[in-house]
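Undergrad: Right, I'll just put the structure down here and ask away after.
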Amino acid sequence: MHPSTALLPFLFVTVVSLWISRVKAQDAPVLPGPALTGSVSIVNDYLFRGLSQTSQDPALQAGAEYGSSESGYIGGWGSNVSWLSDLSSSAARISNSLEIDLYAGWRIPLADVWKLDLGIYAYYYPGDYPHGFTRPYTTEAYIGIAWSIATLKYSHAFTNAFGFADSRHSDYLDFSANWEFTPSWVLNAHVGHQRIQHFGDADYTDWKLGITKNFANGVAVAFGYYDTNADENIYTNPDGEDLGRATGVLSITKAF
């Protein structure tokens, strides 16, 4: 059994146990009402699961979400990308330069500092693709359990995964921790594993260590060091750029 799949029974038992303790609680908290929130970011390199989506070039990103931290929510997010257009040639042209994501889910407080998050996430890359090219559009279902500063999240693709043919049921397991070690300063850590169904050589692990400074006006500045063990033969683009190489990413985000 794959490690990601083996964790599912554990997640199920944990969720059920915490839910029972939640039901038994005498005083239910008053949940905040839904609101529209969003953010705009500038990054020197857009990394997704440890892989550069812009060939180490900057990206402008924006997103908006309607919901609350403890209820249902819907949202959208977008960024410029180049990893697909970098594959373009005179014989097989690809015109994509944008990623648009749509998602919906539900956040459920379970007990004390435990929370459950589950939903659907769709990645869309508008553009023109040559005949026979496997479209990169990807739809995943996800379930996450958060406790205090830590989150464990599992994502499962019901479509082909990011342009890999015959790759339905690929998955990604993500463990993240964000520790505010002093007011407004947060230490960020992450490790994840991407599995591509029927293409084991494309599997890889990625990790990150970073720090974020939050300001009172909704601005956050973050720096992270990222690396992966992704196979260079698979994740190097036609220009010879290794998309999974170790790199530092600086971002500036304004939340509203």
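Letters A, B, ... go to the chains of the structure tokens in the order shown; residues in each chain start at 1; ligands are counted from 1 in the same order.
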Just want the 12 Å neighbourhood of A:Pro126, counted on only C-alpha atoms, with same-chain residues fewer than 2 positions away dropped. Output as a list in words.
TA: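 Here the qualifying residues turn out to be Gly78, Ser79, Asn80, Val81, Leu84, Ser85, Ile94, Ser95, Asn96, Ser97, Leu98, Glu99, Ile100, Asp101, Tyr123, Tyr124, Asp128, Tyr129, Arg135, Pro136 and Tyr137 of chain A.
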Undergrad: Using only C-alpha atoms, I'd like a table of the residues in stretch 136-198 of chain A that come within 9 Å of stretch 212-221 of chain A; for each, show the closest atom pair and its distance in Å rounded to one decimal, ordered by chain and ascending number, as a Markdown table.
TA:
| residue | atom | partner | partner_atom | distance |
| --- | --- | --- | --- | --- |
| A:Pro183 | CA | A:Asn214 | CA | 8.8 |
| A:Ser184 | CA | A:Asn214 | CA | 4.9 |
| A:Trp185 | CA | A:Lys213 | CA | 4.8 |
| A:Val186 | CA | A:Thr212 | CA | 5.1 |
| A:Leu187 | CA | A:Thr212 | CA | 6.5 |
| A:Asn188 | CA | A:Thr212 | CA | 7.3 |
Undergrad: Show which residues sit within 10 Å of A:Val40, as a list in words. Count only C-alpha atoms, and ignore same-chain residues fewer than 5 positions away.
TA: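 The contact residues come out as Leu60, Gln61, Ala62, Gly63, Ala64, Trp77, Gly78, Val219, Ile252, Thr253, Lys254, Ala255 and Phe256 of chain A.
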Undergrad: Which is closer to A:Ala92 than all the others in A:Gly127, A:Gly192, A:Gly75, A:Gly132, using only C-alpha atoms?
TA: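 For A:Ala92, the nearest of the given residues is A:Gly132.
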Undergrad: Just to confirm, what's the straight-line distance from atom CA of A:Tyr103 to atom CA of A:Gly210 in Å (one decimal)?
TA: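 Between atom CA of A:Tyr103 and atom CA of A:Gly210 the gap works out to 26.0 Å.
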Undergrad: Could you produce a table of the residues of stretch 104-219 of chain A lying within 6 Å of stretch 65-74 of chain A, with the nearest pair of atoms per residue and their separation in Å rounded to one decimal, using only C-alpha atoms, ordered by chain and increasing residue number, as a Markdown table?
TA:
| residue | atom | partner | partner_atom | distance |
| --- | --- | --- | --- | --- |
| A:Ala104 | CA | A:Ile74 | CA | 4.2 |
| A:Gly105 | CA | A:Tyr73 | CA | 5.5 |
| A:Trp106 | CA | A:Gly72 | CA | 4.1 |
| A:Arg107 | CA | A:Glu70 | CA | 5.0 |
| A:Ile108 | CA | A:Glu70 | CA | 5.6 |
Undergrad: Kindly save the residues from that selection, with C-alpha atoms included, as a PDB file, in the first residue's frame.
TA:
ATOM      1  CA  ALA A 104     -14.826  25.183  -2.790  1.00  0.00           C
ATOM      2  CA  GLY A 105     -14.822  23.476   0.557  1.00  0.00           C
ATOM      3  CA  TRP A 106     -15.828  23.357   4.193  1.00  0.00           C
ATOM      4  CA  ARG A 107     -13.838  24.050   7.340  1.00  0.00           C
ATOM      5  CA  ILE A 108     -15.158  22.233  10.402  1.00  0.00           C
TER       6      ILE A 108
END
Undergrad: Grab the atom CA of A:Thr138 to atom CA of A:Glu232 distance for me, in Å with one decimal place.
TA: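 So the two atoms, atom CA of A:Thr138 and atom CA of A:Glu232, lie 22.7 Å apart.
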Undergrad: Mind pulling up the distance from atom CA of A:Asp203 to atom CA of A:Tyr225?
TA: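 A separation of 20.6 Å between them.
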Undergrad: Excluding A:Lys208 and any residue of its chain fewer than 3 positions from it, enumerate the residues within 7 Å of it, using only C-alpha atoms, and give them as a PDB file with C-alpha atoms, in the first residue's frame.
TA:
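Contents of the output file out-v2.pdb:
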ATOM      1  CA  ALA A 189       8.245  24.677   7.404  1.00  0.00           C
ATOM      2  CA  HIS A 190       6.876  22.226   4.863  1.00  0.00           C
ATOM      3  CA  VAL A 191       7.522  18.797   3.368  1.00  0.00           C
ATOM      4  CA  GLY A 224      11.690  30.687   1.837  1.00  0.00           C
ATOM      5  CA  TYR A 225      14.350  28.214   0.808  1.00  0.00           C
ATOM      6  CA  TYR A 226      12.935  25.397  -1.342  1.00  0.00           C
ATOM      7  CA  ASP A 227      14.372  22.166  -2.712  1.00  0.00           C
TER       8      ASP A 227
END
Undergrad: Taking 4 positions as the minimum chain separation for residues in the same chain, which residues sit within 8 Å of stretch 52-57 of chain A when counting only C-alpha atoms? Answer as a PDB file with N, CA and C atoms, in the first residue's frame.
TA:
ATOM      1  N   ASN A  44       9.348  36.507  -6.733  1.00  0.00           N
ATOM      2  CA  ASN A  44      10.435  36.466  -7.711  1.00  0.00           C
ATOM      3  C   ASN A  44      10.460  35.163  -8.500  1.00  0.00           C
ATOM      4  N   ASP A  45       9.714  34.148  -8.008  1.00  0.00           N
ATOM      5  CA  ASP A  45       9.613  32.864  -8.694  1.00  0.00           C
ATOM      6  C   ASP A  45       8.384  32.153  -8.140  1.00  0.00           C
ATOM      7  N   TYR A  46       7.470  31.724  -9.015  1.00  0.00           N
ATOM      8  CA  TYR A  46       6.275  31.024  -8.570  1.00  0.00           C
ATOM      9  C   TYR A  46       6.587  29.532  -8.495  1.00  0.00           C
ATOM     10  N   LEU A  47       6.629  29.016  -7.266  1.00  0.00           N
ATOM     11  CA  LEU A  47       6.842  27.585  -7.052  1.00  0.00           C
ATOM     12  C   LEU A  47       5.536  26.926  -6.638  1.00  0.00           C
ATOM     13  N   PHE A  48       5.236  25.789  -7.258  1.00  0.00           N
ATOM     14  CA  PHE A  48       4.076  24.982  -6.889  1.00  0.00           C
ATOM     15  C   PHE A  48       4.573  23.582  -6.596  1.00  0.00           C
ATOM     16  N   ASN A  80       0.446  34.366 -13.411  1.00  0.00           N
ATOM     17  CA  ASN A  80       1.105  34.109 -14.693  1.00  0.00           C
ATOM     18  C   ASN A  80       2.029  32.902 -14.540  1.00  0.00           C
ATOM     19  N   VAL A  81       2.144  32.122 -15.606  1.00  0.00           N
ATOM     20  CA  VAL A  81       3.003  30.935 -15.634  1.00  0.00           C
ATOM     21  C   VAL A  81       3.687  30.860 -16.995  1.00  0.00           C
ATOM     22  N   SER A  82       4.726  30.025 -17.079  1.00  0.00           N
ATOM     23  CA  SER A  82       5.403  29.845 -18.374  1.00  0.00           C
ATOM     24  C   SER A  82       5.800  28.398 -18.631  1.00  0.00           C
ATOM     25  N   TRP A  83       5.561  27.499 -17.667  1.00  0.00           N
ATOM     26  CA  TRP A  83       6.064  26.135 -17.816  1.00  0.00           C
ATOM     27  C   TRP A  83       5.465  25.390 -18.998  1.00  0.00           C
ATOM     28  N   GLU A 241      16.542  24.487 -18.022  1.00  0.00           N
ATOM     29  CA  GLU A 241      16.326  24.945 -16.651  1.00  0.00           C
ATOM     30  C   GLU A 241      15.690  23.833 -15.819  1.00  0.00           C
ATOM     31  N   LEU A 243      13.509  22.749 -13.155  1.00  0.00           N
ATOM     32  CA  LEU A 243      12.398  23.396 -12.456  1.00  0.00           C
ATOM     33  C   LEU A 243      12.289  22.980 -10.995  1.00  0.00           C
ATOM     34  N   GLY A 244      12.990  21.921 -10.596  1.00  0.00           N
ATOM     35  CA  GLY A 244      12.927  21.462  -9.220  1.00  0.00           C
ATOM     36  C   GLY A 244      14.187  21.726  -8.422  1.00  0.00           C
TER      37      GLY A 244
END
Undergrad: Please identify all polymer residues within 7 Å of A:Arg195, counting only C-alpha atoms, omitting same-chain residues fewer than 2 positions from it, and present them as number ranges by chain.
TA: A: 170-172, 193, 197, 203-204
Undergrad: Let's see if you can do this: from backbone DSSP, list all strand (DSSP E or B) residues in stretch 52-216 of chain A, as a PyMOL selection string.
TA: chain A and resi 52+59-67+72-80+98-109+114-124+138-147+150-157+171-182+185-195+204-214
Undergrad: Mind dumping the selected residues with C-alpha atoms as an mmCIF file, in the first residue's frame?
TA:
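Printed below is again.cif as written:
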data_model
loop_
_atom_site.group_PDB
_atom_site.id
_atom_site.type_symbol
_atom_site.label_atom_id
_atom_site.label_comp_id
_atom_site.auth_asym_id
_atom_site.auth_seq_id
_atom_site.Cartn_x
_atom_site.Cartn_y
_atom_site.Cartn_z
ATOM 1 C CA SER A 52 9.032 26.537 -10.721
ATOM 2 C CA ALA A 59 4.947 36.347 -11.015
ATOM 3 C CA LEU A 60 1.988 38.531 -10.118
ATOM 4 C CA GLN A 61 -0.717 36.660 -8.222
ATOM 5 C CA ALA A 62 -4.158 37.477 -6.848
ATOM 6 C CA GLY A 63 -6.975 35.615 -5.164
ATOM 7 C CA ALA A 64 -10.332 36.117 -3.484
ATOM 8 C CA GLU A 65 -12.447 33.948 -1.191
ATOM 9 C CA TYR A 66 -15.945 34.148 0.248
ATOM 10 C CA GLY A 67 -16.563 32.268 3.477
ATOM 11 C CA GLY A 72 -18.173 26.701 3.883
ATOM 12 C CA TYR A 73 -16.162 28.737 1.392
ATOM 13 C CA ILE A 74 -15.569 29.307 -2.327
ATOM 14 C CA GLY A 75 -12.658 31.050 -3.966
ATOM 15 C CA GLY A 76 -10.473 31.714 -6.957
ATOM 16 C CA TRP A 77 -6.800 32.423 -7.544
ATOM 17 C CA GLY A 78 -4.602 33.271 -10.519
ATOM 18 C CA SER A 79 -0.981 33.726 -11.578
ATOM 19 C CA ASN A 80 1.105 34.109 -14.693
ATOM 20 C CA LEU A 98 -1.971 31.950 -17.153
ATOM 21 C CA GLU A 99 -3.117 29.660 -14.349
ATOM 22 C CA ILE A 100 -6.632 30.091 -12.952
ATOM 23 C CA ASP A 101 -7.745 28.062 -9.935
ATOM 24 C CA LEU A 102 -11.251 27.589 -8.563
ATOM 25 C CA TYR A 103 -12.088 25.842 -5.317
ATOM 26 C CA ALA A 104 -14.826 25.183 -2.790
ATOM 27 C CA GLY A 105 -14.822 23.476 0.557
ATOM 28 C CA TRP A 106 -15.828 23.357 4.193
ATOM 29 C CA ARG A 107 -13.838 24.050 7.340
ATOM 30 C CA ILE A 108 -15.158 22.233 10.402
ATOM 31 C CA PRO A 109 -14.016 22.972 13.954
ATOM 32 C CA TRP A 114 -8.425 20.781 15.908
ATOM 33 C CA LYS A 115 -9.992 21.609 12.530
ATOM 34 C CA LEU A 116 -11.013 19.606 9.491
ATOM 35 C CA ASP A 117 -10.836 21.075 5.979
ATOM 36 C CA LEU A 118 -12.186 19.283 2.907
ATOM 37 C CA GLY A 119 -13.115 20.342 -0.604
ATOM 38 C CA ILE A 120 -12.481 20.366 -4.352
ATOM 39 C CA TYR A 121 -9.724 22.295 -6.154
ATOM 40 C CA ALA A 122 -9.532 22.781 -9.946
ATOM 41 C CA TYR A 123 -6.455 24.024 -11.830
ATOM 42 C CA TYR A 124 -7.152 25.532 -15.267
ATOM 43 C CA THR A 138 -6.367 19.048 -13.043
ATOM 44 C CA THR A 139 -9.121 18.552 -10.462
ATOM 45 C CA GLU A 140 -8.344 17.298 -6.968
ATOM 46 C CA ALA A 141 -10.307 16.515 -3.831
ATOM 47 C CA TYR A 142 -8.545 17.263 -0.581
ATOM 48 C CA ILE A 143 -8.844 16.612 3.137
ATOM 49 C CA GLY A 144 -6.747 18.332 5.766
ATOM 50 C CA ILE A 145 -6.459 18.102 9.539
ATOM 51 C CA ALA A 146 -5.022 21.079 11.409
ATOM 52 C CA TRP A 147 -3.838 21.083 14.992
ATOM 53 C CA ALA A 150 0.573 22.038 12.119
ATOM 54 C CA THR A 151 -1.495 20.832 9.142
ATOM 55 C CA LEU A 152 -1.554 17.454 7.392
ATOM 56 C CA LYS A 153 -3.291 17.542 3.998
ATOM 57 C CA TYR A 154 -3.961 14.878 1.372
ATOM 58 C CA SER A 155 -4.956 15.748 -2.233
ATOM 59 C CA HIS A 156 -6.223 13.167 -4.735
ATOM 60 C CA ALA A 157 -6.565 13.846 -8.475
ATOM 61 C CA ASP A 171 -1.878 12.268 -5.155
ATOM 62 C CA TYR A 172 0.039 14.701 -2.980
ATOM 63 C CA LEU A 173 0.693 14.492 0.764
ATOM 64 C CA ASP A 174 1.612 17.746 2.493
ATOM 65 C CA PHE A 175 2.760 18.463 6.051
ATOM 66 C CA SER A 176 3.169 22.133 7.013
ATOM 67 C CA ALA A 177 3.860 24.018 10.224
ATOM 68 C CA ASN A 178 3.709 27.766 10.856
ATOM 69 C CA TRP A 179 5.011 28.911 14.232
ATOM 70 C CA GLU A 180 4.695 32.515 15.416
ATOM 71 C CA PHE A 181 7.808 32.449 17.583
ATOM 72 C CA THR A 182 7.483 36.150 18.419
ATOM 73 C CA TRP A 185 7.209 36.805 12.980
ATOM 74 C CA VAL A 186 6.318 33.322 11.708
ATOM 75 C CA LEU A 187 8.624 30.397 11.004
ATOM 76 C CA ASN A 188 7.367 28.341 8.026
ATOM 77 C CA ALA A 189 8.245 24.677 7.404
ATOM 78 C CA HIS A 190 6.876 22.226 4.863
ATOM 79 C CA VAL A 191 7.522 18.797 3.368
ATOM 80 C CA GLY A 192 5.413 17.176 0.654
ATOM 81 C CA HIS A 193 5.422 14.163 -1.629
ATOM 82 C CA GLN A 194 3.960 14.130 -5.150
ATOM 83 C CA ARG A 195 3.043 10.765 -6.654
ATOM 84 C CA TYR A 204 9.351 13.407 -5.933
ATOM 85 C CA THR A 205 9.553 14.996 -2.489
ATOM 86 C CA ASP A 206 9.771 18.738 -1.895
ATOM 87 C CA TRP A 207 10.559 20.741 1.221
ATOM 88 C CA LYS A 208 10.752 24.333 2.430
ATOM 89 C CA LEU A 209 12.039 26.369 5.341
ATOM 90 C CA GLY A 210 11.138 30.051 5.536
ATOM 91 C CA ILE A 211 10.157 33.053 7.591
ATOM 92 C CA THR A 212 7.306 35.573 7.291
ATOM 93 C CA LYS A 213 7.042 39.079 8.727
ATOM 94 C CA ASN A 214 3.466 40.373 9.108
#
Undergrad: Determine the nearest neighbour of A:Thr247 from the options A:Leu36, A:Leu51, A:Asp86, A:Ser167, counting only C-alpha atoms.
TA: A:Leu51
